[in-house]
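Enquirer: Supplied structure: input-v9.cif, mmCIF, C-alpha atoms and all ligand atoms.
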```cif
data_upload
loop_
_atom_site.label_atom_id
_atom_site.label_comp_id
_atom_site.auth_asym_id
_atom_site.auth_seq_id
_atom_site.Cartn_x
_atom_site.Cartn_y
_atom_site.Cartn_z
CA MET A 1 -22.48 -197.37 -176.76
CA THR A 2 -21.94 -201.15 -176.36
CA THR A 3 -18.58 -202.51 -175.20
CA SER A 4 -17.68 -203.73 -178.69
CA GLU A 5 -18.66 -200.36 -180.22
CA ALA A 6 -16.52 -198.62 -177.63
CA MET A 7 -13.57 -200.88 -178.50
CA LYS A 8 -13.96 -200.05 -182.20
CA ALA A 9 -14.30 -196.28 -181.55
CA PRO A 10 -11.21 -194.32 -182.66
CA GLN A 11 -8.96 -193.35 -179.77
CA VAL A 12 -8.27 -189.62 -179.61
CA SER A 13 -5.33 -188.44 -177.56
CA LYS A 14 -6.53 -185.00 -176.54
CA GLY A 15 -3.65 -182.53 -176.76
CA LEU A 16 -1.58 -185.36 -178.34
CA LYS A 17 -0.64 -186.34 -174.78
CA GLY A 18 1.59 -189.41 -174.76
CA VAL A 19 1.79 -189.56 -178.57
CA LEU A 20 5.30 -190.22 -179.88
CA ALA A 21 5.48 -187.86 -182.84
CA ALA A 22 9.12 -188.38 -183.94
CA ASP A 23 12.54 -189.59 -182.84
CA SER A 24 14.65 -186.87 -181.26
CA SER A 25 18.15 -186.78 -179.81
CA VAL A 26 18.11 -183.20 -178.56
CA CYS A 27 16.74 -183.68 -175.08
CA ASP A 28 15.47 -186.43 -172.80
CA ILE A 29 12.91 -185.86 -170.06
CA ASN A 30 12.07 -188.49 -167.47
CA GLY A 31 8.79 -187.25 -166.02
CA SER A 32 8.73 -189.88 -163.26
CA THR A 33 12.21 -189.33 -161.85
CA GLY A 34 12.32 -185.62 -162.68
CA LYS A 35 15.45 -185.85 -164.82
CA LEU A 36 16.27 -183.56 -167.73
CA LEU A 37 19.18 -184.24 -170.08
CA TYR A 38 20.37 -182.02 -172.93
CA ARG A 39 22.08 -184.33 -175.46
CA GLY A 40 22.78 -186.74 -172.59
CA TYR A 41 24.13 -184.15 -170.13
CA ASN A 42 22.21 -183.65 -166.89
CA ILE A 43 20.77 -180.18 -166.50
CA ASP A 44 22.14 -180.09 -162.92
CA ASP A 45 25.70 -180.40 -164.26
CA LEU A 46 25.11 -177.83 -166.97
CA ALA A 47 23.56 -175.44 -164.43
CA GLU A 48 26.63 -175.75 -162.24
CA HIS A 49 29.45 -175.86 -164.77
CA SER A 50 28.31 -174.63 -168.18
CA THR A 51 27.58 -171.32 -169.86
CA PHE A 52 24.79 -170.42 -172.25
CA GLU A 53 27.21 -170.31 -175.19
CA GLU A 54 28.51 -173.78 -174.40
CA THR A 55 24.99 -175.15 -173.85
CA ALA A 56 23.82 -173.63 -177.13
CA TYR A 57 26.73 -175.26 -178.98
CA LEU A 58 25.91 -178.58 -177.34
CA LEU A 59 22.25 -178.36 -178.36
CA PHE A 60 23.08 -177.36 -181.94
CA GLN A 61 26.01 -179.71 -182.53
CA GLY A 62 25.26 -182.64 -180.23
CA GLU A 63 28.62 -182.48 -178.39
CA LEU A 64 30.25 -180.14 -175.90
CA PRO A 65 32.72 -177.87 -177.71
CA THR A 66 36.50 -177.96 -177.34
CA ALA A 67 38.04 -174.70 -176.09
CA ASP A 68 38.75 -173.61 -179.69
CA GLN A 69 35.27 -174.52 -180.92
CA LEU A 70 33.72 -172.61 -178.03
CA LYS A 71 35.84 -169.54 -178.74
CA LYS A 72 34.85 -169.58 -182.42
CA PHE A 73 31.17 -170.17 -181.65
CA SER A 74 31.12 -167.36 -179.05
CA SER A 75 32.66 -164.95 -181.57
CA GLU A 76 30.12 -166.00 -184.20
CA LEU A 77 27.32 -165.26 -181.73
CA ALA A 78 28.85 -161.90 -180.79
CA ALA A 79 29.36 -160.97 -184.46
CA ALA A 80 25.67 -161.56 -185.18
CA ALA A 81 24.32 -159.56 -182.22
CA ALA A 82 23.73 -156.15 -183.83
CA LEU A 83 20.32 -155.55 -185.39
CA PRO A 84 20.00 -154.54 -189.03
CA LYS A 85 19.08 -150.83 -189.12
CA PRO A 86 15.62 -151.36 -190.69
CA VAL A 87 14.74 -153.82 -187.90
CA LEU A 88 15.70 -151.21 -185.30
CA GLU A 89 13.66 -148.61 -187.19
CA PHE A 90 10.71 -151.01 -187.24
CA LEU A 91 10.94 -151.52 -183.46
CA LYS A 92 10.63 -147.76 -182.98
CA THR A 93 7.22 -147.88 -184.70
CA VAL A 94 5.87 -150.62 -182.40
CA PRO A 95 3.37 -149.36 -179.79
CA THR A 96 4.86 -149.48 -176.30
CA ASP A 97 1.65 -150.59 -174.63
CA ILE A 98 1.35 -153.98 -176.33
CA PRO A 99 2.72 -157.16 -174.71
CA PRO A 100 6.48 -157.37 -175.35
CA MET A 101 5.97 -160.90 -176.73
CA THR A 102 3.70 -159.43 -179.41
CA ALA A 103 6.44 -156.97 -180.32
CA LEU A 104 9.02 -159.78 -180.34
CA ARG A 105 6.84 -161.98 -182.56
CA SER A 106 6.54 -159.18 -185.14
CA ALA A 107 10.22 -158.21 -184.83
CA VAL A 108 11.50 -161.71 -185.59
CA SER A 109 9.28 -161.82 -188.64
CA VAL A 110 10.70 -158.47 -189.78
CA ALA A 111 14.28 -159.65 -189.04
CA GLY A 112 13.67 -162.47 -191.54
CA GLU A 113 13.05 -159.86 -194.24
CA TYR A 114 16.60 -158.56 -193.79
CA ASP A 115 18.46 -161.87 -193.56
CA PRO A 116 19.98 -162.41 -197.01
CA GLN A 117 19.94 -166.18 -196.38
CA ALA A 118 16.31 -166.24 -195.18
CA GLU A 119 15.01 -168.36 -198.06
CA GLU A 120 18.16 -170.46 -198.51
CA GLU A 121 17.60 -174.14 -197.81
CA GLY A 122 20.05 -176.73 -196.51
CA HIS A 123 21.62 -177.54 -193.14
CA GLU A 124 24.55 -175.12 -193.36
CA ALA A 125 22.34 -172.12 -194.21
CA ASN A 126 19.86 -173.05 -191.49
CA TYR A 127 22.66 -173.49 -188.95
CA ARG A 128 24.02 -170.03 -189.81
CA LYS A 129 20.52 -168.60 -189.42
CA SER A 130 20.16 -170.42 -186.08
CA ILE A 131 23.26 -168.65 -184.79
CA ARG A 132 21.96 -165.31 -186.07
CA LEU A 133 18.53 -165.91 -184.54
CA THR A 134 20.03 -166.89 -181.18
CA SER A 135 22.10 -163.74 -181.06
CA THR A 136 19.47 -161.43 -182.51
CA MET A 137 16.75 -162.60 -180.15
CA ALA A 138 18.55 -161.23 -177.07
CA THR A 139 19.23 -157.90 -178.80
CA LEU A 140 15.58 -157.65 -179.89
CA VAL A 141 14.31 -158.38 -176.37
CA ALA A 142 16.62 -155.77 -174.87
CA ALA A 143 15.69 -153.19 -177.53
CA ILE A 144 11.96 -153.79 -176.99
CA HIS A 145 12.45 -153.42 -173.24
CA ARG A 146 14.34 -150.14 -173.53
CA LEU A 147 11.97 -148.61 -176.08
CA ARG A 148 9.06 -149.42 -173.75
CA GLN A 149 10.84 -147.36 -171.10
CA GLY A 150 11.38 -144.47 -173.53
CA LYS A 151 15.11 -145.26 -173.75
CA GLU A 152 17.33 -145.79 -176.78
CA PRO A 153 18.34 -149.40 -177.50
CA LEU A 154 21.99 -150.15 -176.78
CA ALA A 155 24.52 -151.61 -179.19
CA PRO A 156 25.76 -155.07 -178.09
CA ARG A 157 29.19 -155.40 -176.42
CA ALA A 158 31.50 -158.09 -177.72
CA ASP A 159 33.74 -157.91 -174.63
CA LEU A 160 31.06 -159.48 -172.43
CA SER A 161 29.72 -163.03 -172.30
CA PHE A 162 26.33 -163.72 -173.90
CA ALA A 163 24.56 -163.44 -170.53
CA GLY A 164 26.64 -160.42 -169.53
CA ASN A 165 25.92 -158.60 -172.78
CA PHE A 166 22.22 -159.43 -172.56
CA SER A 167 22.05 -157.97 -169.03
CA TYR A 168 24.02 -154.93 -170.19
CA MET A 169 21.71 -154.30 -173.16
CA LEU A 170 18.67 -154.57 -170.84
CA THR A 171 19.93 -152.30 -168.07
CA GLY A 172 22.67 -150.12 -169.56
CA GLU A 173 24.97 -151.20 -166.73
CA THR A 174 27.90 -153.60 -166.83
CA PRO A 175 26.52 -156.48 -164.75
CA THR A 176 28.29 -157.89 -161.70
CA ALA A 177 29.69 -161.43 -161.93
CA ASP A 178 26.77 -162.60 -159.75
CA HIS A 179 24.16 -160.96 -161.96
CA THR A 180 25.80 -162.43 -165.06
CA LYS A 181 25.81 -165.89 -163.47
CA ALA A 182 22.11 -165.54 -162.58
CA MET A 183 21.24 -164.58 -166.16
CA ASP A 184 23.41 -167.41 -167.48
CA LEU A 185 21.57 -169.89 -165.27
CA ILE A 186 18.16 -168.66 -166.47
CA LEU A 187 19.31 -168.97 -170.08
CA ILE A 188 20.77 -172.48 -169.60
CA LEU A 189 17.71 -173.82 -167.79
CA HIS A 190 15.17 -172.53 -170.31
CA ALA A 191 17.10 -173.44 -173.46
CA GLU A 192 15.43 -176.72 -174.35
CA HIS A 193 12.55 -178.95 -173.30
CA SER A 194 11.76 -181.49 -175.99
CA PHE A 195 8.35 -181.42 -177.75
CA ASN A 196 6.76 -178.65 -175.70
CA ALA A 197 4.03 -176.61 -177.43
CA SER A 198 6.23 -173.89 -178.93
CA THR A 199 8.96 -176.30 -180.08
CA PHE A 200 6.43 -178.63 -181.62
CA ALA A 201 4.81 -175.63 -183.31
CA ALA A 202 8.23 -174.70 -184.75
CA ARG A 203 8.69 -178.26 -186.05
CA VAL A 204 5.22 -178.35 -187.59
CA ILE A 205 5.87 -175.09 -189.42
CA ALA A 206 9.42 -176.03 -190.50
CA ALA A 207 8.19 -179.41 -191.76
CA THR A 208 6.24 -177.66 -194.53
CA LEU A 209 9.66 -176.51 -195.84
CA THR A 210 8.93 -172.87 -195.23
CA ASP A 211 11.75 -170.64 -193.88
CA ILE A 212 13.14 -170.85 -190.33
CA TYR A 213 11.97 -167.29 -189.47
CA SER A 214 8.37 -168.40 -190.08
CA ALA A 215 8.90 -171.36 -187.75
CA ILE A 216 10.38 -169.19 -184.99
CA THR A 217 7.69 -166.52 -185.37
CA GLY A 218 5.07 -169.24 -184.83
CA ALA A 219 6.97 -170.64 -181.85
CA ILE A 220 7.03 -167.21 -180.19
CA GLY A 221 3.26 -167.00 -180.62
CA ALA A 222 2.88 -170.38 -178.90
CA LEU A 223 5.29 -169.53 -176.06
CA LYS A 224 3.34 -166.34 -175.30
CA GLY A 225 0.31 -168.29 -174.05
CA LYS A 226 -0.16 -168.45 -170.28
CA LEU A 227 -0.44 -172.22 -170.19
CA HIS A 228 3.10 -172.25 -171.63
CA GLY A 229 5.83 -169.59 -171.31
CA GLY A 230 3.38 -166.85 -170.37
CA ALA A 231 2.93 -168.55 -166.98
CA ASN A 232 5.98 -166.79 -165.46
CA THR A 233 4.38 -163.37 -165.99
CA GLU A 234 1.19 -164.69 -164.38
CA VAL A 235 3.14 -165.97 -161.36
CA LEU A 236 4.47 -162.47 -160.64
CA LYS A 237 0.94 -161.09 -160.96
CA THR A 238 -0.08 -163.68 -158.35
CA LEU A 239 2.72 -162.65 -156.00
CA MET A 240 1.74 -158.99 -156.39
CA GLU A 241 -1.90 -159.86 -155.72
CA VAL A 242 -1.09 -161.91 -152.62
CA GLY A 243 1.16 -159.13 -151.33
CA SER A 244 2.46 -160.75 -148.14
CA VAL A 245 3.29 -164.12 -146.60
CA ASP A 246 0.36 -163.67 -144.19
CA ASN A 247 -2.13 -163.48 -147.08
CA VAL A 248 -0.98 -166.70 -148.75
CA GLY A 249 -3.32 -169.08 -146.85
CA LYS A 250 -6.45 -167.01 -147.60
CA TRP A 251 -5.45 -166.55 -151.24
CA VAL A 252 -4.82 -170.28 -151.76
CA GLU A 253 -8.20 -171.18 -150.21
CA GLU A 254 -10.06 -168.59 -152.30
CA THR A 255 -8.33 -169.65 -155.52
CA ARG A 256 -9.15 -173.30 -154.83
CA ALA A 257 -12.78 -172.47 -153.93
CA LYS A 258 -13.35 -170.75 -157.25
CA LYS A 259 -11.50 -173.58 -159.07
CA GLY A 260 -8.81 -171.13 -160.22
CA LYS A 261 -5.49 -172.05 -161.81
CA PHE A 262 -2.35 -171.96 -159.70
CA MET A 263 0.07 -170.55 -162.22
CA GLY A 264 3.54 -172.11 -162.08
CA PHE A 265 2.20 -175.48 -160.86
CA GLY A 266 1.62 -178.68 -162.78
CA HIS A 267 3.30 -179.98 -165.88
CA ALA A 268 2.33 -182.00 -168.91
CA VAL A 269 5.36 -184.30 -168.49
CA TYR A 270 6.71 -184.14 -164.91
CA HIS A 271 4.87 -186.04 -162.20
CA THR A 272 7.55 -185.03 -159.77
CA GLU A 273 9.41 -181.79 -159.11
CA ASP A 274 10.55 -179.99 -162.25
CA PRO A 275 14.36 -180.45 -162.08
CA ARG A 276 14.90 -176.84 -163.14
CA ALA A 277 12.87 -175.38 -160.28
CA LYS A 278 15.35 -176.11 -157.47
CA HIS A 279 18.11 -174.12 -159.17
CA LEU A 280 15.87 -171.11 -159.66
CA LYS A 281 14.51 -171.45 -156.13
CA GLU A 282 17.98 -171.40 -154.58
CA LEU A 283 19.04 -168.39 -156.64
CA SER A 284 15.84 -166.56 -155.73
CA ARG A 285 16.56 -167.24 -152.04
CA ARG A 286 20.11 -165.93 -152.40
CA LEU A 287 19.19 -162.77 -154.28
CA GLY A 288 16.29 -162.08 -151.90
CA ASN A 289 18.69 -162.21 -148.95
CA GLU A 290 21.38 -160.21 -150.70
CA LYS A 291 18.86 -157.50 -151.52
CA GLY A 292 17.49 -157.55 -147.96
CA ASP A 293 14.04 -158.17 -149.45
CA PRO A 294 13.24 -161.88 -148.93
CA LYS A 295 9.47 -161.29 -149.11
CA TRP A 296 8.99 -162.44 -152.72
CA TYR A 297 10.96 -165.61 -152.14
CA GLU A 298 9.25 -166.33 -148.81
CA MET A 299 5.80 -165.78 -150.32
CA SER A 300 6.69 -168.21 -153.12
CA VAL A 301 7.86 -170.82 -150.60
CA GLU A 302 4.63 -170.45 -148.61
CA ILE A 303 2.51 -170.78 -151.75
CA GLU A 304 4.46 -173.89 -152.78
CA LYS A 305 4.04 -175.39 -149.29
CA ARG A 306 0.27 -175.03 -149.47
CA VAL A 307 -0.44 -175.68 -153.15
CA VAL A 308 1.59 -178.91 -153.59
CA PRO A 309 -0.44 -181.03 -151.11
CA LEU A 310 -3.70 -179.38 -152.16
CA LEU A 311 -3.22 -179.92 -155.89
CA GLY A 312 -0.96 -182.97 -155.86
CA LYS A 313 1.19 -181.12 -158.40
CA HIS A 314 4.66 -179.64 -158.04
CA CYS A 315 5.89 -176.25 -159.12
CA ASN A 316 7.36 -175.95 -162.59
CA VAL A 317 10.16 -173.87 -164.13
CA ASP A 318 8.01 -170.75 -164.23
CA PHE A 319 7.26 -170.56 -160.52
CA TYR A 320 10.57 -169.51 -158.95
CA SER A 321 11.76 -167.81 -162.11
CA ALA A 322 9.19 -165.10 -161.30
CA SER A 323 10.58 -164.02 -157.91
CA LEU A 324 14.12 -164.51 -159.21
CA GLN A 325 13.68 -162.25 -162.23
CA HIS A 326 11.84 -159.74 -160.05
CA TYR A 327 14.93 -159.58 -157.83
CA MET A 328 17.03 -159.07 -160.96
CA GLY A 329 15.03 -155.94 -161.75
CA ILE A 330 13.28 -157.47 -164.76
CA PRO A 331 9.65 -156.38 -165.09
CA GLY A 332 7.05 -159.19 -165.07
CA GLU A 333 5.75 -158.51 -168.57
CA LEU A 334 9.25 -159.17 -169.95
CA PHE A 335 9.72 -162.61 -168.34
CA THR A 336 8.38 -164.57 -171.32
CA CYS A 337 10.67 -162.65 -173.68
CA ILE A 338 13.66 -163.66 -171.52
CA PHE A 339 12.39 -167.24 -171.83
CA ALA A 340 12.26 -166.81 -175.64
CA ALA A 341 15.82 -165.42 -175.71
CA SER A 342 16.91 -168.76 -174.28
CA ARG A 343 14.45 -171.20 -175.90
CA ILE A 344 15.44 -169.94 -179.35
CA VAL A 345 18.28 -172.47 -179.10
CA GLY A 346 15.94 -175.41 -178.51
CA TRP A 347 13.60 -174.21 -181.27
CA CYS A 348 16.45 -173.98 -183.79
CA ALA A 349 18.00 -177.31 -182.72
CA HIS A 350 14.63 -178.97 -183.30
CA VAL A 351 14.06 -177.26 -186.64
CA LEU A 352 17.51 -178.52 -187.77
CA GLU A 353 16.66 -182.00 -186.54
CA GLN A 354 13.23 -181.95 -188.21
CA LEU A 355 14.70 -180.88 -191.54
CA ALA A 356 17.45 -183.50 -191.40
CA ASP A 357 14.79 -186.24 -191.72
CA ASN A 358 11.70 -184.36 -192.74
CA LYS A 359 8.13 -185.53 -193.02
CA ILE A 360 5.25 -183.10 -193.15
CA ILE A 361 3.33 -183.22 -189.84
CA ARG A 362 -0.30 -183.83 -190.50
CA PRO A 363 -2.36 -185.70 -187.87
CA SER A 364 -5.97 -186.73 -188.47
CA ALA A 365 -9.15 -185.52 -186.81
CA ASN A 366 -11.86 -187.75 -185.42
CA TYR A 367 -14.79 -186.12 -187.22
CA VAL A 368 -17.79 -185.65 -184.92
CA GLY A 369 -19.79 -183.11 -187.02
CA PRO A 370 -23.01 -183.66 -189.00
CA GLU A 371 -23.41 -186.34 -191.69
CA GLU A 372 -23.49 -185.19 -195.33
CA ARG A 373 -26.57 -182.98 -195.88
CA SER A 374 -28.22 -181.01 -198.65
CA TYR A 375 -27.39 -177.39 -199.33
CA VAL A 376 -30.34 -175.02 -198.74
CA GLU A 377 -30.46 -171.66 -200.57
CA VAL A 378 -30.10 -168.70 -198.21
CA GLY A 379 -33.69 -167.49 -198.72
CA SER A 380 -35.10 -170.90 -197.74
CA ARG A 381 -33.22 -171.33 -194.43
C1 LIG B 401 1.02 -177.09 -167.36
C2 LIG B 401 -0.42 -177.53 -167.58
C3 LIG B 401 -0.99 -176.77 -168.78
C4 LIG B 401 -0.40 -179.01 -167.89
O1 LIG B 401 -1.70 -179.35 -168.23
P1 LIG B 401 -2.14 -180.88 -168.35
O2 LIG B 401 -1.15 -181.64 -169.14
O3 LIG B 401 -3.55 -180.87 -168.81
O4 LIG B 401 -1.98 -181.34 -166.84
P2 LIG B 401 -2.79 -182.41 -166.05
O5 LIG B 401 -3.27 -183.49 -166.96
O6 LIG B 401 -1.94 -182.76 -164.90
O7 LIG B 401 -4.02 -181.55 -165.55
C5 LIG B 401 -5.27 -182.07 -165.43
C6 LIG B 401 -6.14 -181.18 -164.59
O8 LIG B 401 -5.45 -180.85 -163.37
C7 LIG B 401 -5.80 -179.56 -162.94
N1 LIG B 401 -4.62 -178.70 -162.91
C8 LIG B 401 -3.42 -178.89 -163.53
N2 LIG B 401 -2.59 -177.88 -163.25
C9 LIG B 401 -3.26 -177.05 -162.44
C10 LIG B 401 -2.94 -175.82 -161.83
N3 LIG B 401 -1.74 -175.28 -161.96
N4 LIG B 401 -3.87 -175.22 -161.06
C11 LIG B 401 -5.09 -175.76 -160.90
N5 LIG B 401 -5.46 -176.92 -161.46
C12 LIG B 401 -4.56 -177.55 -162.22
C13 LIG B 401 -6.78 -179.03 -163.92
O9 LIG B 401 -8.06 -179.37 -163.48
C14 LIG B 401 -6.47 -179.81 -165.20
O10 LIG B 401 -7.57 -179.82 -166.03
P3 LIG B 401 -7.80 -178.65 -167.14
O11 LIG B 401 -6.88 -179.00 -168.27
O12 LIG B 401 -9.22 -178.81 -167.47
O13 LIG B 401 -7.50 -177.34 -166.55
C15 LIG B 401 -1.28 -177.28 -166.32
O14 LIG B 401 -0.71 -177.95 -165.21
C16 LIG B 401 -1.44 -175.82 -166.02
O15 LIG B 401 -2.35 -175.19 -166.56
N6 LIG B 401 -0.55 -175.22 -165.15
C17 LIG B 401 -0.60 -173.82 -164.87
C18 LIG B 401 0.06 -173.04 -165.99
C19 LIG B 401 1.56 -173.18 -165.97
O16 LIG B 401 2.20 -173.07 -164.95
N7 LIG B 401 2.13 -173.43 -167.16
C20 LIG B 401 3.55 -173.57 -167.34
C21 LIG B 401 3.92 -174.97 -167.65
S1 LIG B 401 5.68 -175.20 -167.65
#
```
Would you mind writing the file's structure down as structure tokens?

Expert:
Amino acid sequence: MTTSEAMKAPQVSKGLKGVLAADSSVCDINGSTGKLLYRGYNIDDLAEHSTFEETAYLLFQGELPTADQLKKFSSELAAAAALPKPVLEFLKTVPTDIPPMTALRSAVSVAGEYDPQAEEEGHEANYRKSIRLTSTMATLVAAIHRLRQGKEPLAPRADLSFAGNFSYMLTGETPTADHTKAMDLILILHAEHSFNASTFAARVIAATLTDIYSAITGAIGALKGKLHGGANTEVLKTLMEVGSVDNVGKWVEETRAKKGKFMGFGHAVYHTEDPRAKHLKELSRRLGNEKGDPKWYEMSVEIEKRVVPLLGKHCNVDFYSASLQHYMGIPGELFTCIFAASRIVGWCAHVLEQLADNKIIRPSANYVGPEERSYVEVGSR
């Protein structure tokens, strides 16, 4: 190809990297300074001072709630937490040996069948459905988890906070204040992250003017992948495989030699440390010490120490969330579902934003297949 031909050649941005696909006011990421803002509020402040309910309100409404608004919103969430009976019955028919994210994907689709407003259009109806989806998602995740263990799902408790009730429905025990705070932090930090793959998938689906349940079902399918939300499950598998701090060096060398992926490292947007990672890291350290079992945290630190200079990439949100959730007694295969129970807020906020100024999303392909050719009958090929 000559230089002038190369200049005329269409430019493809593989993976749409760097392409500005729409205006958005939900979340701002600065990949160079490692800053993450939800509606203008720094994630560090929200991690320290906020709750999941308050963060969800902020992401949906654009402003932090007043005390009265927060009270009303929290009761609306609590009121929507119970599953319709047919959805619960459906969950009981789901095989217990499939990935929980597969069960969740199907369950959300089924939940849409029993939402009387499912096909209703307009901001108010979609906002109501967003609240229902946010609340239902946690109940679904907990029910899937318990059924996989051969236990009955638990009815939600309105006397607990969102994070507290979620922990209760997962374990059957009233969580301690510390455990509730840890769950709250996980939910706040995973709630939103701009045009990531699952959120963009939700926007693409919503932009066709289908129903919001279809958009969220698609988003769950995208989050499940191990290059996206599925990475946290893979990180725990890595930690299990490595087994001890002493094995880290050998494992890192072997993984590098076979050009393997270091799950939980690298990011499509951040060129610096993922601002969410330090919060999860610190909590993992604390819980490891409190439990008298710092091994999982220490192994993670040793992996980070070796992989960062080797790869030139930092750890992302999924890396320390693995040891942290392991300390919280959450099984690895459920990690991505916990992520979904939080990211539902970001998905819905983006669907609402997309629909407020909708345009169907339809990029073009740079066709590189054969020129037009003649059809040959099957017997003559
Ligand atoms: C997140 C991720 C998908 C971003 O991909 P990306 O935007 O293509 O990132 P980059 O442009 O920086 O990566 C370019 C190359 O660096 C290398 N690279 C990036 N992350 C790597 C990792 N964690 N381990 C090994 N090599 C990696 C790969 O060679 C990659 O090329 P590939 O796409 O052919 O595999 C990628 O870093 C990754 O696969 N990470 C591991 C999975 C993970 O933790 N996902 C959760 C993200 S929050």

Enquirer: Counting all atoms listed in the file, give me one row per residue of stretch 54-135 of chain A with an atom at most 8 Å from an atom of stretch 36-41 of chain A, showing the shortest contact pair and its distance in Å to one decimal, sorted by chain then residue number, as a tab-separated table.

Expert:
```
residue	atom	partner	partner_atom	distance
A:Leu58	CA	A:Arg39	CA	7.2
A:Leu59	CA	A:Arg39	CA	6.6
A:Gly62	CA	A:Arg39	CA	6.0
A:Glu63	CA	A:Arg39	CA	7.4
```

Enquirer: Write the selection just made, keeping C-alpha atoms, as a PDB file, keeping the file's coordinate frame?

Expert:
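Here's the written file again_8.pdb:
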```
ATOM      1  CA  LEU A  58      25.910-178.580-177.340  1.00  0.00           C
ATOM      2  CA  LEU A  59      22.250-178.360-178.360  1.00  0.00           C
ATOM      3  CA  GLY A  62      25.260-182.640-180.230  1.00  0.00           C
ATOM      4  CA  GLU A  63      28.620-182.480-178.390  1.00  0.00           C
TER       5      GLU A  63
END
```

Enquirer: Choose the residue, out of A:Ala163, A:Met299, A:Ile361, A:Met183, that has the smallest atom-to-atom separation from A:Thr208; count only C-alpha atoms.

Expert: A:Ile361

Enquirer: Quick one, how far is atom CA of A:Ile212 from atom CA of A:Ala21?

Expert: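 For atom CA of A:Ile212 relative to atom CA of A:Ala21, the distance reads 20.1 Å.
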
Enquirer: Any residue with an atom at most 6 Å from ligand LIG 401 (chain B) counts, using only C-alpha atoms and all ligand atoms. Which are they? Put them as a ChimeraX atom specification.

Expert: /A:227-228,231,260-268,316-317

Enquirer: Check the smallest atom-to-atom distance from each of A:Lys17, A:Arg146, A:Lys71, A:Arg306 to A:Met169 using all atoms listed in the file, then report the winner.

Expert: A:Arg146

Enquirer: By how many Å are atom CA of A:Pro153 and atom CA of A:Pro175 apart?

Expert: 16.7 Å

Enquirer: For a quick check of understanding, using all atoms listed in the file, which of A:Gly150, A:Gly218, A:Pro100, A:Pro331 has the smallest distance to A:Trp347?

Expert: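 Of all the options, A:Gly218 lies closest to A:Trp347.
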
Enquirer: Which neighbours of A:Ala207 fall inside 12 Å, counting all atoms listed in the file, when residues of the same chain fewer than 3 positions from it are skipped, and could you give them as a PyMOL selection string?

Expert: chain A and resi 22+200-204+210-212+214-215+350-362

Enquirer: So that I can check the surroundings of A:Asp246, please list as a PyMOL selection string every protein, DNA and RNA residue that reaches within 12 Å of it, counting all atoms listed in the file and ignoring chain neighbours fewer than 5 positions away.

Expert: chain A and resi 251-252+295+298-300+302-303

Enquirer: Please fill the gaps in stretch 39-50 of chain A so it has N, CA and C atoms, and write that as a PDB file, in the coordinates of the input.

Expert:
```
ATOM      1  N   ARG A  39      21.114-183.505-174.719  1.00  0.00           N
ATOM      2  CA  ARG A  39      22.080-184.330-175.460  1.00  0.00           C
ATOM      3  C   ARG A  39      22.850-185.268-174.527  1.00  0.00           C
ATOM      4  N   GLY A  40      22.170-185.772-173.505  1.00  0.00           N
ATOM      5  CA  GLY A  40      22.780-186.740-172.590  1.00  0.00           C
ATOM      6  C   GLY A  40      23.403-186.116-171.347  1.00  0.00           C
ATOM      7  N   TYR A  41      23.525-184.798-171.296  1.00  0.00           N
ATOM      8  CA  TYR A  41      24.130-184.150-170.130  1.00  0.00           C
ATOM      9  C   TYR A  41      23.029-183.673-169.173  1.00  0.00           C
ATOM     10  N   ASN A  42      23.202-184.015-167.891  1.00  0.00           N
ATOM     11  CA  ASN A  42      22.210-183.650-166.890  1.00  0.00           C
ATOM     12  C   ASN A  42      22.159-182.133-166.705  1.00  0.00           C
ATOM     13  N   ILE A  43      20.957-181.623-166.647  1.00  0.00           N
ATOM     14  CA  ILE A  43      20.770-180.180-166.500  1.00  0.00           C
ATOM     15  C   ILE A  43      21.437-179.651-165.220  1.00  0.00           C
ATOM     16  N   ASP A  44      21.510-180.518-164.188  1.00  0.00           N
ATOM     17  CA  ASP A  44      22.140-180.090-162.920  1.00  0.00           C
ATOM     18  C   ASP A  44      23.627-179.786-163.158  1.00  0.00           C
ATOM     19  N   ASP A  45      24.282-180.634-163.964  1.00  0.00           N
ATOM     20  CA  ASP A  45      25.700-180.400-164.260  1.00  0.00           C
ATOM     21  C   ASP A  45      25.881-179.153-165.116  1.00  0.00           C
ATOM     22  N   LEU A  46      24.986-179.013-166.093  1.00  0.00           N
ATOM     23  CA  LEU A  46      25.110-177.830-166.970  1.00  0.00           C
ATOM     24  C   LEU A  46      24.852-176.559-166.161  1.00  0.00           C
ATOM     25  N   ALA A  47      23.872-176.614-165.262  1.00  0.00           N
ATOM     26  CA  ALA A  47      23.560-175.440-164.430  1.00  0.00           C
ATOM     27  C   ALA A  47      24.783-175.044-163.603  1.00  0.00           C
ATOM     28  N   GLU A  48      25.486-176.049-163.108  1.00  0.00           N
ATOM     29  CA  GLU A  48      26.630-175.750-162.240  1.00  0.00           C
ATOM     30  C   GLU A  48      27.880-175.343-163.000  1.00  0.00           C
ATOM     31  N   HIS A  49      28.134-176.031-164.129  1.00  0.00           N
ATOM     32  CA  HIS A  49      29.450-175.860-164.770  1.00  0.00           C
ATOM     33  C   HIS A  49      29.441-175.128-166.104  1.00  0.00           C
ATOM     34  N   SER A  50      28.285-175.091-166.797  1.00  0.00           N
ATOM     35  CA  SER A  50      28.310-174.630-168.180  1.00  0.00           C
ATOM     36  C   SER A  50      27.992-173.137-168.309  1.00  0.00           C
TER      37      SER A  50
END
```
